[in-house]
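Novice: Submitted below is the structure of interest, expressed as structure tokens.
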Amino acid sequence: MLDDEQLTEDGIERTPLRTYAEKAYLDYSMYVILDRALPHIGDGLKPVQRRIVYAMSELGLNAAAKYKKSARTVGDVLGKFHPHGDSACYEAMVLMSQPFSYRYPLIDGQGNWGSPDDPKSFAAMRYTEARLARYAEVLLTELGQGTVDWGPNFDGTLEEPLVLPARLPNVLLNGASGIAVGMATDIPPHNAREVASACIRLLEEPKATIEQLCEHVKGPDFPTEAEIITPAEELLRIYRNGTGSVRLRARYEVENGDIVVTALPYQVSGSKVLEQIAAQMTAKKLPMVEDLRDESDHENPTRLVIVPRTNRVDGDALMTHLFATTDLERTYRVNLNMIGLDGRPKVKNLRDLLKEWLEFRTETVRRRLQFRLDKVLKRLHILDGLLIAFLNIDEVIAIIRHEDKPKDVLMARFDLTDTQAEAILDLRLRQLAKLEEIKIRGEQAELSAERDALEKTLGSKQRLKTLVKKEITADADTYGDERRSPIVERAAAQAMDQTALVPSEPTTVVLSKSGWVRAAKGHEIDPATLTYKSGDEFLAAAQGRTNQLAVFIDSTGRCYALPGHTFPSARGHGEPLTGRVTPPPGATFAGIMMGSEDDLYLLASDAGYGFVAKLGELQAQKKAGKAVLTIPRGAKVLAPAPISDLDNDRAVAISNEGRMLVFPVAELPALSKGKGNKIISVAAARVLERTEFVVAVAVVPDGEALTIYSGQRHFTLKPSDLDHYEGERGRRGNKLPRGFQRVERVTVGEK
């Protein structure tokens with residue numbers, strides 16, 4: 001590899017690949033930054049936008065002209081100033097014409113120029129017509145008055161303005177967005193009157209702080225009428241640092257119980273918002289909404305109607321949820337990055353931005369006045385010569401008639417300059433009348449007065465500043481309007497809790513031995529009467545409400561929580577629970593719990609250990625679940641038993657040897673996880689051998705009976721009968737009657 005560029009004998013330049021690549025990428029990045037992506041602080045335009053506006057002015061397409069085909073404009077732009085793709089150029093042109101995209105549109109379009117729902121749905125350029133909007137005068141009025149520098153176009157055959165002489169800070173009024181290499185810009189639009197007021201404040205008080213300027217520029221002002229809900233301190237921080245974010249929220253009203261959205265955030269599609277809400281309704285995550293309608297038309301560009309299910313629905317709470325879960329509320333990045341007067345890109349705070357633009361504007365006005373002064377002085381100079389000619393008209397005519405070189409003779413005879421002599425020679429015979437002398441003297445007087453005024457203004461910084469101030473005020477009155485985006489401080493939107501979004505209806509969740517789950521409406525269903533798949537049967541059921549979680553416990557002591565409204569109907573066989581959760585290999589499901597988070601359950605293993613647990617501490621909505629009950633070696637998990645009154649309920653434990661123990665459930669500890677305390681005495685060694693273990697655990701409320709099932713027979717123990725089996729927790733208990741010592745299951749509450 002060569003260290004430096006070298007020329008070979010045949011004239012080919014040889015450059016190291018690294019050097020070439022670095023230079024090529026640097027050239028590309030500088031082009032993208034300076035000539036494509038970032039706006040100039042002077043006119044707030046990117047090159048393609050500037051060229052479109054200038055080309056349209058050259059075609060005579062001002063606000064009073066007839067519309068011309070957009071293809072004509074695009075052709076002129078590409079052929080004369082911007083040799084790039086026609087679609088990209090036309091898209092830039094469309095953007096400047098859309099009142100929902102530009103705060104102050106620069107182009108007045110006729111035809112299909114897109115809609116707020118789909119800004120890119122505009123017709124092809126061969127169908128649409130355009131002319132400049134009235135606001136474009138702000139950028140073009142002073143263009144031919146020596147106000148800006150000009151440069152050659154891409155092929156050197158024409159000249160184009162390097163920047164337009166903007167009379168207002170368009171870089172803030174219309175904003176800009178773009179991505180360059182290593183940097184980006186996101187300048188939100190602002191209100192013309194507010195920005196003009198801040199400019200005047202800065203002219204009057206050059207040391208005004210950003211806080212003082214923000215008394216005028218309260219925040220961005222978007223084309224749509226959505227609310228800006230960003231706090232004032234954050235807006236001030238944006239203008240102080242030049243970066244930050246702004247949050248917009250849709251506006252809505254309540255009409256006859258319906259919620260009507262009347263304004264959407266900037267660049268948000270109403271149809272997309274309706275799709276987002278409809279998707280939540282389809283997923284049964286929005287039960288309080290019954291219907292959606294889009295009633296937008298020409299008179300009401302935004303009118304989205306949300307129909308609540310009942311008049312008891314809290315509209316504000318519903319909208320707060322929709323703000324958090326749809327595009328009805330959006331955040332917009334702010335990055336005041338632009339090309340300054342020094343030709344360098346930089347992120348500027350509000351004061352630096354306005355100060356630099358005022359420098360640009362002041363220089364533009366100075367150049368305009370100087371240009372006019374030069375023209376006035378030139379005309380006065382010519383008028384002086386013409387007056388001399390009129391005062392000596394006979395001699396002048398004689399010189400012109402008889403001399404071979406009348407110009408030289410005139411200059412020598414009357415001490416005229418070349419310009420004055422040319423003007424005399426260009427006079428027409430009709431201009432030799434006596435009245436012309438009067439006109440010349442009148443024009444001289446007018447121009448002399450104008451010259452004096454121009455020289456006074458140019459010679460005084462204060463007069464120049466006053467003129468700039470007056471012009472900014474006049475333009476703000478002409479082109480400005482009222483703020484569209486109200487600034488309202490509101491709390492951040494929060495999505496509703498999942499349970500709050502689900503209708504609260506009674507449901508019974510049924511679990512089979514094979515681990516299939518389903519849900520039936522109401523609490524009247526008898527799960528044992530349902531049909532099950534071949535080889536499967538009923539295991540457990542729990543009654544609750546659709547907005548509650550169903551908690552399953554497996555044979556390893558892990559708990560899994562699933563929303564109660566998500567299970568399939570009991571009319572079918574349901575779905576395997578393993579499709580929703582991931583239990584350890586070989587684990588089976590042992591029971592189900594349902595209710596409020598404060599409900600209590602007795603969790604136990606057949607080794608005779610257990611504890612009281614609060615349902616809310618078992619609700620782990622993870623596929624892998626949560627380890628809750630520690631199982632001694634060789635033991636199994638028993639079905640959980642609900643507790644209605646911790647102080648009065650009694651715990652019942654029955655072993656496979658026909659022994660039953662009854663004691664107050666309050667004697668068991670309340671834990672969130674663990675092994676628990678001994679419920680009934682069972683030999684650990686015999687548990688491991690599966691020769692002695694607990695077959696059933698139940699909780700009997702005060703005054704309720706307990707029914708014991710043994711084979712085809714069963715018998716019921718009244719509350720007074722249970723007293724016979726009451727003893728201290730951890731004892732072996734008393735023997736059940738003969739014939740009922742092989743207990744299969746127990747039920748509570750049957751007489």
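By convention here, the chains of the structure tokens are called A, B, ... in the order presented, each chain's residues are numbered starting at 1, and ligands are numbered starting at 1 in the order presented.
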Pull the strand (DSSP E or B) assignments for stretch 425-524 of chain A out of DSSP run on the backbone, and list those residues as a PyMOL selection string.

Specialist: chain A and resi 487+506-512+516-521

Novice: For the residues selected in the previous step, produce a file with N, CA and C atoms as a PDB file, in the first residue's frame.

Specialist:
ATOM      1  N   ILE A 487     -51.773  24.474  24.933  1.00  0.00           N
ATOM      2  CA  ILE A 487     -50.818  23.879  25.878  1.00  0.00           C
ATOM      3  C   ILE A 487     -51.543  23.679  27.202  1.00  0.00           C
ATOM      4  N   PRO A 506     -69.737 -13.984  36.625  1.00  0.00           N
ATOM      5  CA  PRO A 506     -69.441 -15.237  37.332  1.00  0.00           C
ATOM      6  C   PRO A 506     -68.986 -16.332  36.372  1.00  0.00           C
ATOM      7  N   THR A 507     -67.997 -17.100  36.786  1.00  0.00           N
ATOM      8  CA  THR A 507     -67.475 -18.177  35.935  1.00  0.00           C
ATOM      9  C   THR A 507     -66.999 -19.329  36.815  1.00  0.00           C
ATOM     10  N   THR A 508     -67.015 -20.518  36.243  1.00  0.00           N
ATOM     11  CA  THR A 508     -66.504 -21.709  36.916  1.00  0.00           C
ATOM     12  C   THR A 508     -65.422 -22.312  36.046  1.00  0.00           C
ATOM     13  N   VAL A 509     -64.186 -22.362  36.563  1.00  0.00           N
ATOM     14  CA  VAL A 509     -63.058 -22.925  35.813  1.00  0.00           C
ATOM     15  C   VAL A 509     -62.909 -24.389  36.228  1.00  0.00           C
ATOM     16  N   VAL A 510     -62.864 -25.256  35.214  1.00  0.00           N
ATOM     17  CA  VAL A 510     -62.845 -26.706  35.448  1.00  0.00           C
ATOM     18  C   VAL A 510     -61.522 -27.278  34.950  1.00  0.00           C
ATOM     19  N   LEU A 511     -60.903 -28.118  35.790  1.00  0.00           N
ATOM     20  CA  LEU A 511     -59.629 -28.758  35.450  1.00  0.00           C
ATOM     21  C   LEU A 511     -59.807 -30.274  35.473  1.00  0.00           C
ATOM     22  N   SER A 512     -59.315 -30.950  34.417  1.00  0.00           N
ATOM     23  CA  SER A 512     -59.405 -32.415  34.368  1.00  0.00           C
ATOM     24  C   SER A 512     -58.092 -33.028  34.847  1.00  0.00           C
ATOM     25  N   TRP A 516     -56.509 -30.640  31.275  1.00  0.00           N
ATOM     26  CA  TRP A 516     -57.258 -29.825  30.318  1.00  0.00           C
ATOM     27  C   TRP A 516     -58.136 -28.847  31.096  1.00  0.00           C
ATOM     28  N   VAL A 517     -58.195 -27.607  30.626  1.00  0.00           N
ATOM     29  CA  VAL A 517     -58.913 -26.569  31.359  1.00  0.00           C
ATOM     30  C   VAL A 517     -59.955 -25.918  30.462  1.00  0.00           C
ATOM     31  N   ARG A 518     -61.067 -25.510  31.072  1.00  0.00           N
ATOM     32  CA  ARG A 518     -62.135 -24.802  30.364  1.00  0.00           C
ATOM     33  C   ARG A 518     -62.928 -24.010  31.392  1.00  0.00           C
ATOM     34  N   ALA A 519     -63.837 -23.157  30.909  1.00  0.00           N
ATOM     35  CA  ALA A 519     -64.605 -22.312  31.825  1.00  0.00           C
ATOM     36  C   ALA A 519     -66.061 -22.291  31.397  1.00  0.00           C
ATOM     37  N   ALA A 520     -66.950 -22.310  32.389  1.00  0.00           N
ATOM     38  CA  ALA A 520     -68.388 -22.244  32.145  1.00  0.00           C
ATOM     39  C   ALA A 520     -68.943 -20.981  32.770  1.00  0.00           C
ATOM     40  N   LYS A 521     -69.951 -20.386  32.123  1.00  0.00           N
ATOM     41  CA  LYS A 521     -70.574 -19.186  32.667  1.00  0.00           C
ATOM     42  C   LYS A 521     -71.387 -19.553  33.902  1.00  0.00           C
TER      43      LYS A 521
END

Novice: DSSP on the backbone: what in stretch 283-377 of chain A comes out alpha helix (DSSP H), as a ChimeraX atom specification?

Specialist: /A:315-325,350-377

Novice: Can you pull out every residue within 12 Å of A:Glu295, counting only C-alpha atoms, but drop anything in the same chain fewer than 4 positions away, and send it as number ranges by chain?

Specialist: A: 260-262, 270-271, 274, 299-306

Novice: Can you list, as number ranges by chain, every protein, DNA or RNA residue that comes within 10 Å of A:Leu139 when you count only C-alpha atoms, leaving out same-chain residues fewer than 5 positions away?

Specialist: A: 42-45, 50, 53-54, 106, 163-170

Novice: Mind checking which residues fall within 12 Å of A:Glu91, counting only C-alpha atoms, ignoring those fewer than 6 positions away in the same chain, and posting them as a PyMOL selection string?

Specialist: chain A and resi 48-49+52+70-71+74+85+97-98+113-114+119-125

Novice: Pick out the closest residue to A:Gln444 from this set: A:Gly60, A:Gly586, A:Gly385, A:Pro576. Count only C-alpha atoms.

Specialist: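 Nearest candidate to A:Gln444 out of A:Gly60, A:Gly586, A:Gly385, A:Pro576: A:Gly385.
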